[in-house]
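Student: To start, I am sharing the structure in question, which I have written as structure tokens.
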Protein chains: 4
Amino acid sequence: MPQVRFAVDQARRFADQDVPGHNRWHPDVPPAVTVRPGEEFRVECREWFDGTIHNDDSADDVRDADLSMVHQLSGPIAVEGAEPGDLLMVDILDLGPVPQEHGPVAGQGWGYTGVFARDNGGGFLTDRFPNAYKAVWDFHGQTATSRHLPGVSFTGIAHPGLMGTAPSPELLSRWNQREGDLIATDPDRVPPLALPPLPENALLGSLSGDEFDRVAGEAARTAPPRENGGNQDIKNLSRGTRVFYPVFVPGAKLSLGDLHFSQGDGEITFCGAIEMGGFIDLHVDVIKGGMRTYGLESPAFIPGRVEPRYSEYLTFAGLSVTDSGEQRYLDATLAYRQACLHAIEYLTKFGYTPEQAYLILGAAPIEGRFSGVVDIPNACATLYIPTAIFDFDPTPSAGPPERVDRGQCAVSSG
Amino acid sequence: MPQVRFAVDQARRFADQDVPGHNRWHPDVPPAVTVRPGEEFRVECREWFDGTIHNDDSADDVRDADLSMVHQLSGPIAVEGAEPGDLLMVDILDLGPVPQEHGPVAGQGWGYTGVFARDNGGGFLTDRFPNAYKAVWDFHGQTATSRHLPGVSFTGIAHPGLMGTAPSPELLSRWNQREGDLIATDPDRVPPLALPPLPENALLGSLSGDEFDRVAGEAARTAPPRENGGNQDIKNLSRGTRVFYPVFVPGAKLSLGDLHFSQGDGEITFCGAIEMGGFIDLHVDVIKGGMRTYGLESPAFIPGRVEPRYSEYLTFAGLSVTDSGEQRYLDATLAYRQACLHAIEYLTKFGYTPEQAYLILGAAPIEGRFSGVVDIPNACATLYIPTAIFDFDPTPSAGPPERVDRGQCAVSSG
Amino acid sequence: MPQVRFAVDQARRFADQDVPGHNRWHPDVPPAVTVRPGEEFRVECREWFDGTIHNDDSADDVRDADLSMVHQLSGPIAVEGAEPGDLLMVDILDLGPVPQEHGPVAGQGWGYTGVFARDNGGGFLTDRFPNAYKAVWDFHGQTATSRHLPGVSFTGIAHPGLMGTAPSPELLSRWNQREGDLIATDPDRVPPLALPPLPENALLGSLSGDEFDRVAGEAARTAPPRENGGNQDIKNLSRGTRVFYPVFVPGAKLSLGDLHFSQGDGEITFCGAIEMGGFIDLHVDVIKGGMRTYGLESPAFIPGRVEPRYSEYLTFAGLSVTDSGEQRYLDATLAYRQACLHAIEYLTKFGYTPEQAYLILGAAPIEGRFSGVVDIPNACATLYIPTAIFDFDPTPSAGPPERVDRGQCAVSSG
Amino acid sequence: MPQVRFAVDQARRFADQDVPGHNRWHPDVPPAVTVRPGEEFRVECREWFDGTIHNDDSADDVRDADLSMVHQLSGPIAVEGAEPGDLLMVDILDLGPVPQEHGPVAGQGWGYTGVFARDNGGGFLTDRFPNAYKAVWDFHGQTATSRHLPGVSFTGIAHPGLMGTAPSPELLSRWNQREGDLIATDPDRVPPLALPPLPENALLGSLSGDEFDRVAGEAARTAPPRENGGNQDIKNLSRGTRVFYPVFVPGAKLSLGDLHFSQGDGEITFCGAIEMGGFIDLHVDVIKGGMRTYGLESPAFIPGRVEPRYSEYLTFAGLSVTDSGEQRYLDATLAYRQACLHAIEYLTKFGYTPEQAYLILGAAPIEGRFSGVVDIPNACATLYIPTAIFDFDPTPSAGPPERVDRGQCAVSSG
């Protein structure tokens with residue numbers, strides 16, 4: 001078994017660990033540890049909200065979640081000899097929930113999927129679902145079930161929601177510029193268009209004093225994926241996957257976190273997937289000059305071989321027409337939104353509340369595909385739900401649905 | 001074997017067939033044939049450009065293609081007893097290229113993938129690829145190869161690019177309204193934002209005279225997918241698929257065409273997939289009142305079991321940042337565009353020209369997924385290329401690529 | 001589409017075709033046609049009982065089937081330049097049932113699975129099922145259903161049950177010697193241990209006169225698979241498969257037939273699979289000296305990519321203990337027999353008769369595996385049934401089975 | 001995470017554990033622990049040779065292995081309320097190698113595959129491979145590689161080689177009778193036909209004194225699979241699998257062990273798979289009266305969804321003809337043997353020694369199938385090797401093999 005090179009004590013907040021991690025991207029966050037090319041090692045991770053979301057039946061914690069603290073990143077991990085222009089090859093050997101007994105922390109046998117309230121984070125369908133919701137999932141080996149979502153059971157595709165290398169100063173500057181420009185087009189929007197640097201609640205590894213202040217003022221938030229990988233939330237980055245990351249700074253400075261027990265394509269709930277703390281085992285190597293050799297300026301990867309096998313899917317299609325009937329031009333985001341809404345409407349016929357259906361789509365291994373992106377003016381997006389995740393036949397072939405009372409997910413109190 | 005209920009003589013243009021089809025959507029196109037629920041039958045189809053694209057080494061025919069003629073639709077097929085509010089259940093039993101000897105028509109052992117010129121159709125990457133290109137594919141059973149794309153070979157996922165039911169007058173009117181509104185925002189755009197009704201080159205089955213003129217002036221173009229299905233270009237609508245279509249008019253009036261030997265998710269080349277004429281065998285049935293029972297106002301489907309099996313993919317990710325570095329807000333279309341451009345750039349390292357790589361992505365069974373659509377401001381789209389479609393190892397794990405001269409696809413003369 | 005190089009008129013008996021085929025293996029059967037390496041071509045085939053089994057509800061035809069006539073082989077097809085010691089590479093591009101309208105012949109929209117009577121052919125479970133049975137299957141694209149087996153529906157894996165190269169004189173002599181030796185150990189056994197050369201009903205292509213008589217007296221029966229391939233009945237030899245056959249005579253002399261719409265591993269019903277006439281499209285090439293280069297003295301192959309996808313199986317295990325409780329030593333045949341009997345017993349709990357269950361296992365795409373062959377004294381064989389072939393949940397997880405009356409298969413009259 | 005209900009200290013021999021396990025089957029071995037229906041729990045296991053096989057480069061330990069000690073079984077685990085006639089439903093939630101740091105024991109980051117010498121255990125191909133061999137495998141997440149088998153790497157399908165319920169006295173008596181009868185037919189055979197009860201080295205849980213002696217004299221050896229499951233060595237009994245075991249004694253008395261990191265169908269090496277110690281997480285439940293309801297007198301199971309995905313296989317076929325050319329009647333064991341020998345011969349062309357090839361087939365996720373078992377007199381067995389387990393293209397399509405020196409596995413000194 002690989003040695004632990006970044007340890008986390010799951011009984012303590014991330015800020016209180018012996019070796020601190022970070023929650024912002026900046027080239028000057030010092031490495032927490034250095035590994036060699038060819039090395040196999042273990043990294044431990046806190047769940048992305050650092051233990052503030054509880055295994056209970058109220059969504060108040062999700063409603064009140066403090067987004068300034070995310071994500072809790074284990075690292076940076078410097079890789080000897082990696083230099084700008086190289087590719088960092090990262091093999092995800094294994095990952096899983098928190099292995100030892102640690103009280104009530106997410107990952108210790110359970111995880112959660114949440115929907116943020118519109119005025120605190122929002123989500124893909126926040127116009128339709130402006131309040132906070134939550135489902136707690138129980139882990140049974142690789143299978144997840146939820147008392148808040150009866151009738152559903154599936155094999156998770158565990159993955160790190162977030163993994164990436166540190167940006168160079170130039171790249172960081174480009175990020176801040178372009179995201180700032182976007183925010184400036186509608187600075188008061190709720191939810192916001194993007195998240196600017198925020199010193200409040202910043203964690204920057206071992207940095208302190210003036211250097212901390214400087215870096216905290218410049219460092220990029222971790223919510224979006226970017227050229228360094230980051231919060232890509234790609235559900236297929238599971239066991240056995242090999243990722244190739246561009247190297248932008250000496251040592252590459254790999255960081256990661258936001259482990260997911262499972263997720264649907266799009267992570268449409270935002271809070272999001274099935275969140276958990278846990279461990280991840282990695283192997284790293286360096287392809288010298290690889291960015292140029294392969295023309296790669298952002299990550300590429302080869303998924304592993306052990307994704308759960310489903311052979312029947314129920315599929316919904318969506319178009320780029322808004323809820324009010326306005327035609328948009330090849331807007332695939334909108335088309336996927338409509339496919340999700342169609343699926344939610346459909347699932348309510350089997351007894352789920354709309355918010356339960358929303359949570360299912362965020363957590364289960366559904367696939368979301370760009371089916372047509374050229375047939376002007378309508379993009380066509382498709383959403384594939386494995387039928388075997390239900391303990392009933394959810395297809396229209398099976399006769400009229402029996403409308404069962406399936407209760408409700410966790411809701412917020414106000 | 002099912003009886004042919006809509007026959008096409010592949011030696012004649014679509015307008016000259018004994019039983020005419022149509023190329024516009026309108027509730028008043030008369031049924032070409034009526035079938036019973038439970039019936040299994042064969043429909044024959046022309047390829048979408050009606051034989052005007054040739055098996056040669058010039059893309060002039062694609063450059064000069066007349067978009068007013070598409071799509072050649074076989075139908076409408078009325079289904080006895082189907083009424084508005086029902087679901088029409090359509091099983092795709094089988095489909096394939098033109099079965100008998102018919103000279104040089106696409107489908108008779110070969111097909112094509114084209115890229116339209118910017119000023120005549122455009123495509124997903126038309127800013128980067130403003131000219132017309134073409135690749136001719138040879139069929140070997142279910143396998144396709146192209147003399148224009150050496151080193152590539154794959155099993156196709158044959159499907160009808162277009163299938164759907166007729167709109168009601170109200171639905172048609174809604175389409176024309178919303179698409180007209182969009183066009184009005186930038187009426188001179190090249191390529192256009194949408195395609196308004198166009199009497200020129202309209203085919204409307206057996207309609208003639210004043211009725212023809214009225215309908216031709218109202219009927220919707222077939223390019224976009226809409227609530228009736230239509231040109232969804234979903235590559236997974238292959239053999240064994242069961243589709244549920246809303247019924248908007250008495251008899252449902254099913255029409256279909258635009259058969260594809262294979263296609264990548266998005267059909268990014270627009271002209272598009274591997275185009276062919278051929279046959280399709282269907283089974284139809286009616287679920288009375290199904291739209292309301294299942295809350296379906298647009299198609300849903302269950303894909304079949306015989307998609308080709310690939311177990312290794314090379315994956316590229318894209319963000320919603322423009323080529324010039326501008327940040328957009330959760331624009332998945334843009335993110336997929338960037339993933340495609342990354343893949344194209346990568347494939348050039350192995351000796352393909354950018355336009356060859358573009359054609360490969362349009363035709364091969366690549367998957368395009370919405371990976372993250374909530375991590376503001378960046379959408380994350382991923383594009384999966386099965387590595388086994390190449391006769392070399394296309395991964396960065398395999399050592400530096402040997403830069404082979406792989407020739408060029410068909411280009412246009414001017 | 002490939003040109004037909006071996007044509008069959010499905011309205012006529014095999015002996016009455018313009019270009020005769022054969023039903024015995026011998027190096028001296030003259031080629032019916034010669035093809036070039038690299039050529040793609042079509043071969044048409046009769047079903048293995050030449051049209052004597054009917055689409056009706058009596059198994060009398062199976063009971064009285066004349067085994068001296070099988071198999072109807074299309075060929076020999078000589079390949080230019082192939083010489084002993086080479087490997088003949090055969091790509092199965094496509095295959096399917098009889099394409100045109102030809103009256104009541106198997107393959108024309110339907111096929112059959114039979115169980116021979118013990119005293120005329122027998123089968124894997126003939127001790128338990130000494131009488132003749134039959135099920136008629138209807139084809140719906142790649143899907144098969146049977147009025148004799150309600151509740152069952154599956155996607156077939158079409159394949160040629162029999163394909164192979166001609167033996168050299170030495171190899172033929174070895175076959176006759178070893179099979180004769182086996183027969184001699186119990187010459188009166190019913191069913192027999194093996195089938196010796198039999199001039200009666202022999203078809204030998206264009207041979208006639210003395211040469212016919214000589215060859216008919218020496219030629220090997222086609223029932224067993226041998227070093228040349230032959231009647232391997234490997235269900236996975238489906239579309240897209242590449243087979244490498246040893247070449248034993250100049251020109252290789254490829255022959256084939258016994259097309260199956262679907263089959264379970266083992267073809268335990270013997271008569272067997274879902275039998276049909278039809279067509280097969282092939283591509284051939286030659287690897288010079290390949291037998292020695294690769295150490296191959298019998299066929300090897302690479303299955304295609306389009307086998308139907310099932311993700312849930314119900315599995316039964318069997319041991320090498322006889323029905324009467326006698327322990328045998330690592331006898332995998334017996335272990336598989338027991339696994340089959342366990343599956344049959346199980347299926348009767350859901351309303352099938354034992355003979356119906358037997359027919360299902362012979363025709364559906366079940367998998368039979370050698371699980372343990374070293375754990376003395378018990379071999380362990382496993383039989384995997386895809387649960388999705390039933391229109392009910394056949395697992396013990398689903399609550400007690402409802403015992404439905406599922407009728408009966410076709411039985412014989414006496 | 002489930003609680004440990006059967007703990008093993010991997011630093012101590014199995015006989016020296018606080019709670020003893022057992023290595024013989026008998027109804028009177030007392031339960032080590034009792035669990036409730038519905039309970040999820042962890043069981044820890046020693047590897048089957050209790051730590052006597054080492055991570056080194058000599059096969060002397062395999063040559064000298066003491067077969068009287070196997071298998072080290074964790075249990076019996078009594079399940080409350082289970083009674084004879086019930087089915088015990090066992091879900092394999094998870095399993096894996098030894099989780100904590102424990103020196104050099106198999107499972108702690110490595111495992112082994114061995115071939116027994118003919119005069120001490122033998123194996124499937126012992127006539128051809130009469131000596132002892134060994135390969136040591138390193139674990140990288142779910143991937144295995146071996147310094148003794150360069151060029152090979154694959155994703156394992158971890159499973160318990162052995163799991164089962166206790167026999168009733170009557171069933172045990174039947175086992176002893178039938179196996180004794182078999183031994184009596186050739187009592188001096190090497191290797192033996194079966195293994196009779198053997199008090200030497202028997203472990204019987206907490207039994208002692210006269211009761212120990214009585215039970216040790218009657219208890220069945222654990223090598224063969226039997227009606228209770230036992231040493232089935234079914235590679236597909238992996239994560240997510242649900243097994244249904246017959247219950248023969250009150251409490252069912254489930255026992256298990258012999259964990260495998262990976263195995264090929266047949267476990268042809270006998271010593272065998274990739275052996276490891278480790279943990280397994282189970283969920284159990286009881287189906288009252290299930291044996292009769294479902295007609296099950298031996299185990300059935302539903303495999304899980306996470307077997308590694310391979311899409312290209314190289315397949316070899318074997319017949320029931322002996323090495324010396326003798327024809328046997330439908331002997332599938334012999335046919336599989338021949339398929340294995342063909343595969344071994346083939347792999348030597350790529351530089352492996354025959355014994356290396358043998359070890360690969362025993363450990364890698366190859367599939368072994370009964371293809372034809374009725375085509376008298378030849379059974380046809382097929383062996384499928386996933387081509388992606390090699391770091392080179394092992395197909396004949398790829399051009400002549402480069403004959404690389406791939407060293408040798410561990411051999412024995414004398």
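Order determines the names: the first chain of the structure tokens is A, the second B, and so forth; residues in each chain are numbered 1 upward, and ligands are numbered 1 upward as they are shown.
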Contacts from chain A to chain C, 7 Å maximum, only C-alpha atoms: show me the residue list as a PyMOL selection string.

Tutor: chain A and resi 309-311

Student: Write to file, as a compact mmCIF listing (two decimals), in the first residue's frame, the residues of the selection just made, with C-alpha atoms.

Tutor:
```txt
# COMPACT_ATOMS: atom_id res chain seq x y z
CA ARG A 309 -21.81 -1.35 -16.37
CA TYR A 310 -25.38 -0.46 -17.24
CA SER A 311 -27.00 -1.65 -20.41
```

Student: Please provide as a list in words all residues within 9 Å of Phe116 of chain C, with the sequence filter that same-chain residues fewer than 2 positions apart are discarded (counting only C-alpha atoms).

Tutor: Val62, Arg63, Asp64, Ala65, Gly114, Arg118, Asp119, Asn120, Gly121, Gly122, Gly123, Thr126, Phe129, Pro130, Asn131, Ala132, Tyr133, Lys134, Thr269, Phe270, Cys271 and Gly272 of chain C

Student: Using only C-alpha atoms, determine which residues lie at most 10 Å from Arg369 of chain C, disregarding the query and same-chain residues fewer than 5 positions distant; provide the list as an MDAnalysis selection string.

Tutor: (chainID C and resid 265:266 317 332 336 380:384) or (chainID D and resid 234 265:266 367:371 381:383)

Student: Counting only C-alpha atoms, what is within 10 Å of segment 208-214 of chain B, bar same-chain residues fewer than 5 positions away, as a ChimeraX atom specification?

Tutor: /B:28-29,199,202-203,219

Student: I'd like the interatomic distance between atom CA of Asp233 of chain D and atom CA of Asp375 of chain D, to a tenth of an Å.

Tutor: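 So the answer is 28.0 Å.
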
Student: Residues near Gly107 of chain C, anyone? I mean within 8 Å using only C-alpha atoms, not counting same-chain ones fewer than 5 positions away, as a list in words.

Tutor: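 Close residues of Gly107 of chain C: Glu47, Pro97, Val98, Glu275, Met276, Gly277 and Gly278 of chain C.
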
Student: Segment 114-318 of chain A: which residues are helix (DSSP H, G or I) by DSSP, as a PyMOL selection string?

Tutor: chain A and resi 169-184+209-218+290-294

Student: Write out as a tab-separated table (two decimals) with C-alpha atoms, in the first residue's frame each polymer residue whose atoms come within 9 Å of Leu347 of chain A, counting only C-alpha atoms; drop sequence neighbours fewer than 3 positions from it.

Tutor:
```tsv
chain	number	residue	atom	x	y	z
A	342	HIS	CA	-37.98	16.83	-18.75
A	343	ALA	CA	-36.42	14.04	-16.71
A	344	ILE	CA	-37.53	15.65	-13.45
A	350	PHE	CA	-43.44	7.81	-10.24
A	351	GLY	CA	-43.93	9.58	-6.93
A	352	TYR	CA	-40.78	11.63	-6.46
A	353	THR	CA	-41.03	15.30	-5.61
A	354	PRO	CA	-39.29	17.55	-8.15
A	357	ALA	CA	-35.68	14.01	-8.77
A	394	PRO	CA	-39.23	3.35	-14.98
B	294	TYR	CA	-45.63	10.34	-18.42
B	295	GLY	CA	-45.40	14.11	-18.57
```

Student: Could you give me, as a VMD selection string, the residues within 12 Å of Phe154 of chain D, counting only C-alpha atoms and dropping anything in the same chain fewer than 3 positions from it?

Tutor: (chain A and resid 240 304 to 306) or (chain D and resid 137 to 146 149 to 151 157 to 158 261 to 264 274 307 to 310 360 363 to 366 385 to 391)

Student: Using only C-alpha atoms, pick whichever of C:Ala339, C:Leu204, C:Met1, C:Ala82 has the shortest atom-to-atom distance to Gln108 of chain B.

Tutor: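 Smallest separation from Gln108 of chain B among the options: C:Met1.
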
Student: Hey, what does DSSP flag as strand (DSSP E) within segment 136-300 of chain B? Can you give it to me as a CSV table (one decimal) with C-alpha atoms, in the first residue's frame?

Tutor:
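The file below, out.csv, is the result:
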```
chain,number,residue,atom,x,y,z
B,136,VAL,CA,-15.6,9.7,-48.6
B,137,TRP,CA,-16.1,6.5,-46.5
B,138,ASP,CA,-16.2,2.9,-47.7
B,139,PHE,CA,-18.4,0.5,-45.9
B,140,HIS,CA,-17.2,-3.0,-45.0
B,143,THR,CA,-16.9,-0.9,-40.5
B,144,ALA,CA,-16.0,2.4,-42.2
B,145,THR,CA,-12.7,3.5,-43.6
B,146,SER,CA,-11.8,6.5,-45.8
B,153,SER,CA,-11.3,2.5,-39.0
B,154,PHE,CA,-14.3,2.0,-36.8
B,155,THR,CA,-17.6,0.3,-36.3
B,159,HIS,CA,-29.1,5.7,-37.0
B,160,PRO,CA,-31.6,8.0,-38.6
B,161,GLY,CA,-30.5,11.5,-38.1
B,162,LEU,CA,-34.0,12.7,-38.4
B,163,MET,CA,-37.3,11.1,-37.3
B,164,GLY,CA,-40.4,12.8,-35.9
B,165,THR,CA,-44.1,13.3,-35.8
B,225,PRO,CA,-34.6,19.3,-33.8
B,226,ARG,CA,-37.8,20.4,-32.1
B,229,GLY,CA,-38.1,15.0,-32.5
B,230,GLY,CA,-37.0,15.8,-36.0
B,242,ARG,CA,-37.3,2.3,-28.7
B,243,VAL,CA,-38.4,5.9,-29.1
B,244,PHE,CA,-41.5,7.6,-27.6
B,245,TYR,CA,-42.8,10.5,-29.6
B,246,PRO,CA,-45.5,12.9,-28.6
B,254,LEU,CA,-44.2,10.0,-38.6
B,255,SER,CA,-41.5,11.0,-41.1
B,256,LEU,CA,-37.9,10.2,-41.2
B,257,GLY,CA,-34.7,10.3,-43.2
B,258,ASP,CA,-31.1,11.6,-43.1
B,259,LEU,CA,-29.7,8.1,-42.4
B,260,HIS,CA,-26.2,8.0,-40.9
B,270,PHE,CA,-22.9,19.6,-39.9
B,271,CYS,CA,-22.7,17.8,-43.3
B,272,GLY,CA,-22.2,15.8,-41.2
B,273,ALA,CA,-22.1,12.3,-39.8
B,274,ILE,CA,-21.5,9.7,-42.5
B,275,GLU,CA,-24.4,10.4,-44.8
B,278,GLY,CA,-30.8,3.2,-47.2
B,279,PHE,CA,-33.6,1.4,-45.4
B,280,ILE,CA,-35.0,1.3,-42.0
B,281,ASP,CA,-37.3,-1.3,-40.4
B,282,LEU,CA,-39.7,-0.1,-37.8
B,283,HIS,CA,-42.3,-1.4,-35.4
B,284,VAL,CA,-44.9,1.1,-34.2
B,285,ASP,CA,-47.4,1.2,-31.4
B,286,VAL,CA,-49.5,3.7,-29.6
B,287,ILE,CA,-49.7,4.5,-25.8
B,300,ALA,CA,-37.7,10.1,-24.8
```

Student: Would you please work out which residue, of C:Ala410, C:Leu95, C:Ala223, C:Ala59, is nearest to Gln72 of chain C when using only C-alpha atoms?

Tutor: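 Under the stated criterion, the closest residue is C:Ala223.
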